[in-house]
Amino acid sequence: MFRNVHLRLILTNWGILVLLFLFLAAGTYLMAIAHRPEPSGYMLPVAGFLVLSAMGSLLMANRAMIPIQHAWRRQQDFLAGASHELRTPLAVIQANLDIVRSNRGEAVSDQEHWLNNMQEESAHMAKIVDSLLFLARSGSRQQALNKQWFDLAQVLEAAVAEALQAMAEAGGVTLSIDAEAGIMLYGDAQRIQQLIGILADNAIRYTPWGGSIEIKAYRLLGLVVIEVTDSGEGISAEHLSRIFDGFYQTDPARAKGGAGLGLAMAKSIVDSHGGNIDASSKLGAGTTFIIRLPFS
């Protein structure tokens, strides 16, 4: 995911450093030639300038490597998260398969419980793989979008219809939509619906009984703004800056059953539409996700 970014950073930063080094070396040489002292008189200052140039280049190189190292650590964390999330359903499938194999004399109907467990975990694993494929294609700009003009209010209604509304009601949460009428957006309606579904599902999971979730959509300064606000647990400042990283989860998040890919996918969808997404939150007071999209 980060290979092309790393390559561009390395080539750009090292190219600048080489040019700087050559510039300083050439300047030092020209200064020495202009003064034309005896060889023993200018060799020392020339050497001094070259040493200082080399030291400066090394310091700049070390500084240039910081974002590359940071991106590499995130990539390692992502791979570790993927391994963890895939290993868990595989372990469950293997355990249930061992039970079925040990009961070979029983009819299929008698082993339905273990077979259902394997089916559920297989579906869960397939969903993780699909999410990984989506993110990989987005990172390499291979994700195809079916863009057309659509009514944003209708897409928002479709995103929370039936399943999410039922999920909210089961959790004692009020889910409402306040969308400005007549907003026509040029983009992939299915992906925008998926985006809202991800944010609404996330909000429902972290909003306690009696809480509320509101989805707003309106025009502002030539942009379409979508806000998803909940009255849930909130996110601490230390985690807020990394919530869009793939597989990044706080400890409470792991108890909610998510793989930690939803918000990474949400950001990828927004990025592919030329917009941006950010979040503001306060512990115990809820979270607001704000999406800004161009009309086309």
# chains A, B, ... in the order shown; residues from 1 in each chain; ligands from 1
>>> residues_around(residues="range 115-127 of chain A", least_positions_apart="2", cutoff="8 Å", atoms="only C-alpha atoms", output="PyMOL selection string")
chain A and resi 86+89-90+92-93+96-97+100+111-113+129-131
>>> write_last_selection(atoms="all heavy atoms", output="mmCIF file, in the first residue's frame")
data_model
loop_
_atom_site.group_PDB
_atom_site.id
_atom_site.type_symbol
_atom_site.label_atom_id
_atom_site.label_comp_id
_atom_site.auth_asym_id
_atom_site.auth_seq_id
_atom_site.Cartn_x
_atom_site.Cartn_y
_atom_site.Cartn_z
ATOM 1 N N LEU A 86 -7.670 -12.501 10.518
ATOM 2 C CA LEU A 86 -7.910 -13.696 9.711
ATOM 3 C C LEU A 86 -7.626 -14.972 10.491
ATOM 4 O O LEU A 86 -8.260 -16.002 10.255
ATOM 5 C CB LEU A 86 -7.042 -13.656 8.448
ATOM 6 C CG LEU A 86 -7.431 -12.604 7.406
ATOM 7 C CD1 LEU A 86 -6.394 -12.544 6.299
ATOM 8 C CD2 LEU A 86 -8.816 -12.916 6.823
ATOM 9 N N PRO A 89 -10.993 -16.294 12.833
ATOM 10 C CA PRO A 89 -12.019 -17.155 12.239
ATOM 11 C C PRO A 89 -11.466 -18.480 11.736
ATOM 12 O O PRO A 89 -12.160 -19.502 11.782
ATOM 13 C CB PRO A 89 -12.580 -16.307 11.089
ATOM 14 C CG PRO A 89 -11.543 -15.295 10.802
ATOM 15 C CD PRO A 89 -10.882 -15.011 12.108
ATOM 16 N N LEU A 90 -10.233 -18.489 11.278
ATOM 17 C CA LEU A 90 -9.628 -19.747 10.840
ATOM 18 C C LEU A 90 -9.515 -20.735 11.999
ATOM 19 O O LEU A 90 -9.752 -21.935 11.835
ATOM 20 C CB LEU A 90 -8.249 -19.485 10.232
ATOM 21 C CG LEU A 90 -8.228 -18.978 8.786
ATOM 22 C CD1 LEU A 90 -6.805 -18.587 8.384
ATOM 23 C CD2 LEU A 90 -8.779 -20.032 7.836
ATOM 24 N N VAL A 92 -11.446 -20.839 14.654
ATOM 25 C CA VAL A 92 -12.787 -21.309 14.996
ATOM 26 C C VAL A 92 -13.242 -22.372 13.999
ATOM 27 O O VAL A 92 -13.819 -23.401 14.380
ATOM 28 C CB VAL A 92 -13.786 -20.133 15.016
ATOM 29 C CG1 VAL A 92 -15.203 -20.638 15.235
ATOM 30 C CG2 VAL A 92 -13.412 -19.142 16.116
ATOM 31 N N ILE A 93 -12.994 -22.121 12.717
ATOM 32 C CA ILE A 93 -13.369 -23.094 11.689
ATOM 33 C C ILE A 93 -12.654 -24.421 11.918
ATOM 34 O O ILE A 93 -13.258 -25.498 11.841
ATOM 35 C CB ILE A 93 -13.057 -22.544 10.282
ATOM 36 C CG1 ILE A 93 -13.989 -21.367 9.952
ATOM 37 C CG2 ILE A 93 -13.190 -23.635 9.227
ATOM 38 C CD1 ILE A 93 -13.627 -20.641 8.681
ATOM 39 N N ASN A 96 -14.149 -26.298 14.982
ATOM 40 C CA ASN A 96 -15.454 -26.912 14.695
ATOM 41 C C ASN A 96 -15.322 -28.066 13.709
ATOM 42 O O ASN A 96 -16.048 -29.063 13.799
ATOM 43 C CB ASN A 96 -16.416 -25.851 14.143
ATOM 44 C CG ASN A 96 -16.967 -24.945 15.225
ATOM 45 O OD1 ASN A 96 -17.993 -25.227 15.819
ATOM 46 N ND2 ASN A 96 -16.277 -23.844 15.491
ATOM 47 N N LEU A 97 -14.397 -27.927 12.759
ATOM 48 C CA LEU A 97 -14.161 -29.013 11.812
ATOM 49 C C LEU A 97 -13.634 -30.258 12.524
ATOM 50 O O LEU A 97 -14.033 -31.389 12.206
ATOM 51 C CB LEU A 97 -13.173 -28.556 10.736
ATOM 52 C CG LEU A 97 -12.836 -29.564 9.633
ATOM 53 C CD1 LEU A 97 -14.098 -29.984 8.887
ATOM 54 C CD2 LEU A 97 -11.814 -28.971 8.666
ATOM 55 N N VAL A 100 -16.568 -31.989 14.099
ATOM 56 C CA VAL A 100 -17.373 -32.713 13.114
ATOM 57 C C VAL A 100 -16.670 -34.004 12.689
ATOM 58 O O VAL A 100 -17.294 -35.068 12.575
ATOM 59 C CB VAL A 100 -17.652 -31.816 11.884
ATOM 60 C CG1 VAL A 100 -18.315 -32.621 10.763
ATOM 61 C CG2 VAL A 100 -18.545 -30.641 12.271
ATOM 62 N N GLN A 111 -25.130 -32.358 13.455
ATOM 63 C CA GLN A 111 -23.925 -31.525 13.581
ATOM 64 C C GLN A 111 -24.166 -30.112 13.044
ATOM 65 O O GLN A 111 -23.222 -29.387 12.741
ATOM 66 C CB GLN A 111 -22.763 -32.180 12.829
ATOM 67 C CG GLN A 111 -22.556 -33.635 13.195
ATOM 68 C CD GLN A 111 -21.099 -33.996 13.240
ATOM 69 O OE1 GLN A 111 -20.312 -33.321 13.887
ATOM 70 N NE2 GLN A 111 -20.745 -35.072 12.571
ATOM 71 N N GLU A 112 -25.420 -29.753 12.941
ATOM 72 C CA GLU A 112 -25.781 -28.462 12.350
ATOM 73 C C GLU A 112 -25.167 -27.285 13.112
ATOM 74 O O GLU A 112 -24.769 -26.285 12.517
ATOM 75 C CB GLU A 112 -27.305 -28.334 12.306
ATOM 76 C CG GLU A 112 -27.781 -27.113 11.541
ATOM 77 C CD GLU A 112 -29.296 -27.085 11.372
ATOM 78 O OE1 GLU A 112 -29.949 -28.074 11.760
ATOM 79 O OE2 GLU A 112 -29.799 -26.079 10.867
ATOM 80 N N HIS A 113 -25.086 -27.403 14.432
ATOM 81 C CA HIS A 113 -24.533 -26.305 15.235
ATOM 82 C C HIS A 113 -23.094 -26.005 14.829
ATOM 83 O O HIS A 113 -22.721 -24.838 14.626
ATOM 84 C CB HIS A 113 -24.589 -26.677 16.721
ATOM 85 C CG HIS A 113 -23.907 -25.678 17.609
ATOM 86 N ND1 HIS A 113 -24.431 -24.431 17.864
ATOM 87 C CD2 HIS A 113 -22.722 -25.749 18.305
ATOM 88 C CE1 HIS A 113 -23.620 -23.771 18.659
ATOM 89 N NE2 HIS A 113 -22.574 -24.553 18.941
ATOM 90 N N VAL A 129 -11.627 -10.187 3.865
ATOM 91 C CA VAL A 129 -10.855 -10.262 2.624
ATOM 92 C C VAL A 129 -11.363 -9.244 1.610
ATOM 93 O O VAL A 129 -10.581 -8.566 0.934
ATOM 94 C CB VAL A 129 -10.899 -11.684 2.050
ATOM 95 C CG1 VAL A 129 -10.259 -11.724 0.660
ATOM 96 C CG2 VAL A 129 -10.174 -12.659 2.966
ATOM 97 N N ASP A 130 -12.681 -9.107 1.484
ATOM 98 C CA ASP A 130 -13.258 -8.113 0.574
ATOM 99 C C ASP A 130 -12.836 -6.698 0.968
ATOM 100 O O ASP A 130 -12.536 -5.860 0.101
ATOM 101 C CB ASP A 130 -14.786 -8.209 0.579
ATOM 102 C CG ASP A 130 -15.297 -9.451 -0.140
ATOM 103 O OD1 ASP A 130 -14.510 -10.052 -0.896
ATOM 104 O OD2 ASP A 130 -16.455 -9.832 0.082
ATOM 105 N N SER A 131 -12.810 -6.425 2.268
ATOM 106 C CA SER A 131 -12.407 -5.111 2.752
ATOM 107 C C SER A 131 -10.937 -4.852 2.436
ATOM 108 O O SER A 131 -10.560 -3.755 2.008
ATOM 109 C CB SER A 131 -12.640 -5.012 4.262
ATOM 110 O OG SER A 131 -14.005 -5.176 4.576
#
>>> residues_around(residues="range 267-274 of chain A", least_positions_apart="3", cutoff="8 Å", atoms="only C-alpha atoms", output="list in words")
Leu135, Ser138, Gly187, Arg191, Ile192, Leu195, Phe244, Leu263, Ala264, Ile277, Ile291, Leu293 and Pro294 of chain A
>>> residues_around(residues="Thr174 in chain A", least_positions_apart="2", cutoff="8 Å", atoms="only C-alpha atoms", output="ChimeraX atom specification")
/A:168-169,172,176,210-213
>>> closest_residue(among="A:Thr88, A:Thr207, A:Asn276, A:Ser281", to="His239 in chain A", atoms="only C-alpha atoms")
A:Ser281
